[in-house]
Amino acid sequence: MEKRPDMIRRHSAGAIFMHWFNAGCWIALLATGLGLIDNPELQPLGMWWVRTLHALGLDGVLLLQVHATLGLVWASVYAVFSLVRLKSETWPFLREVGTFSPQSDLTWVLRKTLTLTVGEERLRAKGLATELPAQGFYNAGQKLFAVPAVLGSAGLVATGLIALFSRAWPGGADVVQWALAIHFLCAALVAVGLVVHVYMATIAPGEGPAFRSMFTGFVPEDFARHHNPLWHERVAAGRDETLAKRDKRSI
Amino acid sequence: MPRYVMVIDSSRCINCKTCVAACQQENRVPYGYARNWIKVGAGATSPGLHFQPGNCMHCDEPICVSACPTGATFKDPADGVVKVNTALCIGCGSCIATCPYGARFRNPELGVADKCDYCPRLRALGREPACVAVCPTRARRFGDLDDPASGLRALIDKGPVVRLTAPATDTKPAIFYLGRTSPTDWPKDVTPPLPIGLWGAIMAPLTRVVGGAVLLGVAGVALRQLVAGRGEGQREGHGKAS
Ligand code: HEM
């Protein structure tokens with residue numbers, strides 16, 4: 001009988017729940033938020049989107065209610081989770097995605113982009129290196145998306161709260177106007193990154209095990225050794241501060 | 001479909017301000033605020049003072065509407081009236097800052113934009129807006145420009161009429177002043193507030209360009225991958241991290 005690969009813990013159940021809760025909320029908030037921009041000069045997607053939602057019975061007032069309510073629920077659940085799991089999840093995650101090693105990360109992003117666009121064979125034929133620098137728990141591309149995703153989300157919550165209470169806002173109208181413009185900018189930044197994120201997570205070659213880990217919580221040890229060797233080294237040495245050391249198992 | 005306009009003979013106005021009070025009462029305008037006004041001009045048609053009644057001009061090209069992010073303020077195609085959907089207004093105040101006529105204010109009780117809407121309650125009852133109905137000298141006339149029975153088209157065609165505009169901003173106001181009126185120099189050129197201006201001029205177009213390019217790029221990569229066949233991906237982690 002073939003031995004099944006050793007699996008190691010990559011994401012906790014809580015983190016998995018939060019990721020998909022976040023993804024669902026984000027997509028719904030993006031859809032309704034874009035639908036709220038009922039002004040051709042300010043609408044990036046095109047007025048067809050607004051017309052489509054209106055035709056589906058989601059008029060502006062309803063969109064505003066859904067968007068504001070969902071935004072509040074999303075931000076509240078996130079705030080509670082982040083605080084409750086501050087030491088075990090939030091802080092390690094922020095430290096992980098916020099730690100860059102510029103030279104290696106830049107090399108990784110450049111080579112990965114070239115491989116995906118030009119192709120490995122053609123790069124090799126031209127004598128260009130295709131080997132990727134060793135990565136930690138998250139690779140450079142993931143960190144490059146995670147940082148704006150975190151900062152953009154924080155900006156969205158702050159400016160969203162100002163917009164939510166704008167009618168009762170005691171300060172000047174200019175604060176509310178800036179809040180709206182920054183709200184848009186944060187959403188646009190993350191949304192553009194999201195296109196790449198979803199591609200890399202679902203379609204990009206070789207990412208299958210990482211994708212499945214966002215459901216099961218586990219990746220094959222061999223996959224981790226090749227894709228995230230710096231993380232794997234820590235896990236193997238029992239020095240990992242994440243869940244991995246507690247949860248190494250064979251399935 | 002009706003196209004409501006106002007025709008004002010300002011030479012008839014005696015500055016009694018009944019129109020202002022009637023509007024405040026009919027529309028429950030908070031104390032200290034008003035949706036309409038009477039401006040004092042120089043002697044335009046008669047010796048002495050000249051008074052000029054006014055309110056939202058219900059412009060055919062309203063820039064308050066182009067400044068509104070959510071479409072809460074809109075020119076109703078059904079009657080030409082510029083309205084505020086208070087349930088959709090988020091109180092950002094862009095429209096208030098962008099009206100050349102200062103015809104809007106922030107309703108302190110509701111926190112949303114407030115302005116003349118030609119008294120929809122009274123119109124539904126087949127009556128004229130409050131300011132028109134109470135004017136003792138009939139300085140204000142209101143009606144459907146396209147309805148010959150209103151007589152407004154004939155009044156305008158007889159001329160001369162003045163449409164008050166800011167020096168460089170013609171929003172095609174739908175209030176017609178008969179004869180010469182005064183003052184005429186008060187409408188101001190306006191630009192949208194800076195954040196909304198930047199959003200329209202830079203942020204939205206940039207998002208379109210960058211977002212479009214990224215979408216196309218990702219679609220191209222996915223297509224290439226389909227043609228080249230699904231590889232197992234690159235060998236990773238053999239280089240040294242620096
Ligand atoms: C249908 C949409 C989505 C899919 C299929 C997806 C998939 C994934 C997967 C598989 C991972 C784990 C990668 C790994 O373990 O190496 C991940 C991580 C992550 N996801 Fe998503 N995701 C989606 C939407 C979102 C959204 C909407 C956001 C936030 C706006 C988001 C933010 C993140 C972040 C911050 C991480 C961790 C680090 C990173 O990969 O950058 N995801 N996602």
# chains A, B, ... in the order shown; residues from 1 in each chain; ligands from 1
>>> residues_near_ligand(ligand="ligand 1", cutoff="8 Å", atoms="only C-alpha atoms and all ligand atoms", output="VMD selection string")
chain A and resid 10 to 11 19 to 20 22 to 27 97 137 to 139 141 to 147 149 to 150 153 190 to 191 194 197 to 199 201 to 202 207 210 to 214
>>> residues_around(residues="segment 111-119 of chain A", least_positions_apart="2", cutoff="8 Å", atoms="only C-alpha atoms", output="list in words")
Thr107, Trp108, Val109, Glu121, Arg122, Leu123, Ala129, Thr130, Glu131 and Leu132 of chain A; Gly220, Val221, Arg224 and Gln225 of chain B
>>> interface_residues(of="chain A", to="chain B", cutoff="8 Å", atoms="only C-alpha atoms", output="MDAnalysis selection string")
chainID A and resid 36:39 41:45 60:61 64 101 103:104 116:117 120 130:135 163:164 166:168 173:174 176:178 181 185 188 192 195:196 199 203:207 225:229
>>> write_last_selection(atoms="C-alpha atoms", output="PDB file, in the first residue's frame")
ATOM      1  CA  LEU A  36     -23.793  52.612  -4.856  1.00  0.00           C
ATOM      2  CA  ILE A  37     -21.645  54.770  -7.123  1.00  0.00           C
ATOM      3  CA  ASP A  38     -24.557  56.065  -9.180  1.00  0.00           C
ATOM      4  CA  ASN A  39     -22.537  58.691 -11.003  1.00  0.00           C
ATOM      5  CA  GLU A  41     -17.855  60.224 -13.548  1.00  0.00           C
ATOM      6  CA  LEU A  42     -17.068  58.384 -10.317  1.00  0.00           C
ATOM      7  CA  GLN A  43     -18.039  54.861 -11.398  1.00  0.00           C
ATOM      8  CA  PRO A  44     -15.003  52.806 -12.484  1.00  0.00           C
ATOM      9  CA  LEU A  45     -16.833  49.704 -13.665  1.00  0.00           C
ATOM     10  CA  GLY A  60     -29.803  52.576  -4.225  1.00  0.00           C
ATOM     11  CA  VAL A  61     -31.514  52.736  -0.839  1.00  0.00           C
ATOM     12  CA  LEU A  64     -26.934  51.368   0.987  1.00  0.00           C
ATOM     13  CA  SER A 101      13.561  40.639   2.629  1.00  0.00           C
ATOM     14  CA  GLN A 103      16.271  41.417  -2.494  1.00  0.00           C
ATOM     15  CA  SER A 104      14.924  37.884  -2.249  1.00  0.00           C
ATOM     16  CA  LEU A 116       3.894  32.882 -15.629  1.00  0.00           C
ATOM     17  CA  THR A 117       3.945  35.321 -18.526  1.00  0.00           C
ATOM     18  CA  GLU A 120       9.954  28.668 -17.964  1.00  0.00           C
ATOM     19  CA  THR A 130      14.038  30.651 -13.129  1.00  0.00           C
ATOM     20  CA  GLU A 131      14.814  29.293  -9.710  1.00  0.00           C
ATOM     21  CA  LEU A 132      12.852  30.942  -6.945  1.00  0.00           C
ATOM     22  CA  PRO A 133      14.430  32.083  -3.681  1.00  0.00           C
ATOM     23  CA  ALA A 134      13.376  30.069  -0.649  1.00  0.00           C
ATOM     24  CA  GLN A 135      10.171  31.337   0.924  1.00  0.00           C
ATOM     25  CA  ALA A 163     -19.543  57.573   6.102  1.00  0.00           C
ATOM     26  CA  LEU A 164     -21.964  55.595   8.261  1.00  0.00           C
ATOM     27  CA  SER A 166     -21.928  61.166   8.123  1.00  0.00           C
ATOM     28  CA  ARG A 167     -25.426  62.506   8.685  1.00  0.00           C
ATOM     29  CA  ALA A 168     -24.641  63.054  12.316  1.00  0.00           C
ATOM     30  CA  ALA A 173     -18.372  68.150   5.240  1.00  0.00           C
ATOM     31  CA  ASP A 174     -14.853  67.968   3.810  1.00  0.00           C
ATOM     32  CA  VAL A 176     -16.869  63.113   4.993  1.00  0.00           C
ATOM     33  CA  GLN A 177     -15.896  63.816   1.366  1.00  0.00           C
ATOM     34  CA  TRP A 178     -12.290  62.772   1.995  1.00  0.00           C
ATOM     35  CA  ALA A 181     -12.730  59.221  -1.668  1.00  0.00           C
ATOM     36  CA  LEU A 185      -9.251  54.212  -3.101  1.00  0.00           C
ATOM     37  CA  ALA A 188      -9.913  49.818  -5.568  1.00  0.00           C
ATOM     38  CA  VAL A 192      -7.164  45.021  -8.184  1.00  0.00           C
ATOM     39  CA  VAL A 195      -7.788  39.596  -9.219  1.00  0.00           C
ATOM     40  CA  VAL A 196      -4.230  38.318  -8.945  1.00  0.00           C
ATOM     41  CA  TYR A 199      -5.920  33.607  -9.944  1.00  0.00           C
ATOM     42  CA  ILE A 203      -5.780  28.494 -11.327  1.00  0.00           C
ATOM     43  CA  ALA A 204      -2.043  29.071 -11.125  1.00  0.00           C
ATOM     44  CA  PRO A 205      -0.049  25.866 -11.616  1.00  0.00           C
ATOM     45  CA  GLY A 206       1.291  24.071  -8.573  1.00  0.00           C
ATOM     46  CA  GLU A 207      -0.878  25.923  -6.044  1.00  0.00           C
ATOM     47  CA  ARG A 225       9.363  21.628   1.926  1.00  0.00           C
ATOM     48  CA  HIS A 226       9.411  22.808  -1.673  1.00  0.00           C
ATOM     49  CA  HIS A 227       7.186  25.854  -1.562  1.00  0.00           C
ATOM     50  CA  ASN A 228       7.835  27.209   1.882  1.00  0.00           C
ATOM     51  CA  PRO A 229      11.225  25.752   2.867  1.00  0.00           C
TER      52      PRO A 229
END
>>> atom_distance(atom1="atom CA of His54 of chain A", atom2="atom CA of Ile162 of chain A")
25.7 Å
>>> atom_distance(atom1="atom CA of Asp157 of chain B", atom2="atom CA of Leu178 of chain B")
10.3 Å
>>> closest_residue(among="A:Gly208, A:Thr69, A:Leu58, A:Gly152", to="Gly193 of chain A", atoms="only C-alpha atoms")
A:Gly152
>>> select_by_dssp(residues="segment 24-230 of chain B", states="strand (DSSP E)", output="MDAnalysis selection string")
chainID B and resid 36:41 50:55 73:75 82:84 105:106 113:114 140:144 161:162 175:178
>>> residues_around(residues="Cys59 of chain B", least_positions_apart="3", cutoff="9 Å", atoms="only C-alpha atoms", output="PyMOL selection string")
chain B and resi 56+62-63+75+80-82+171-175
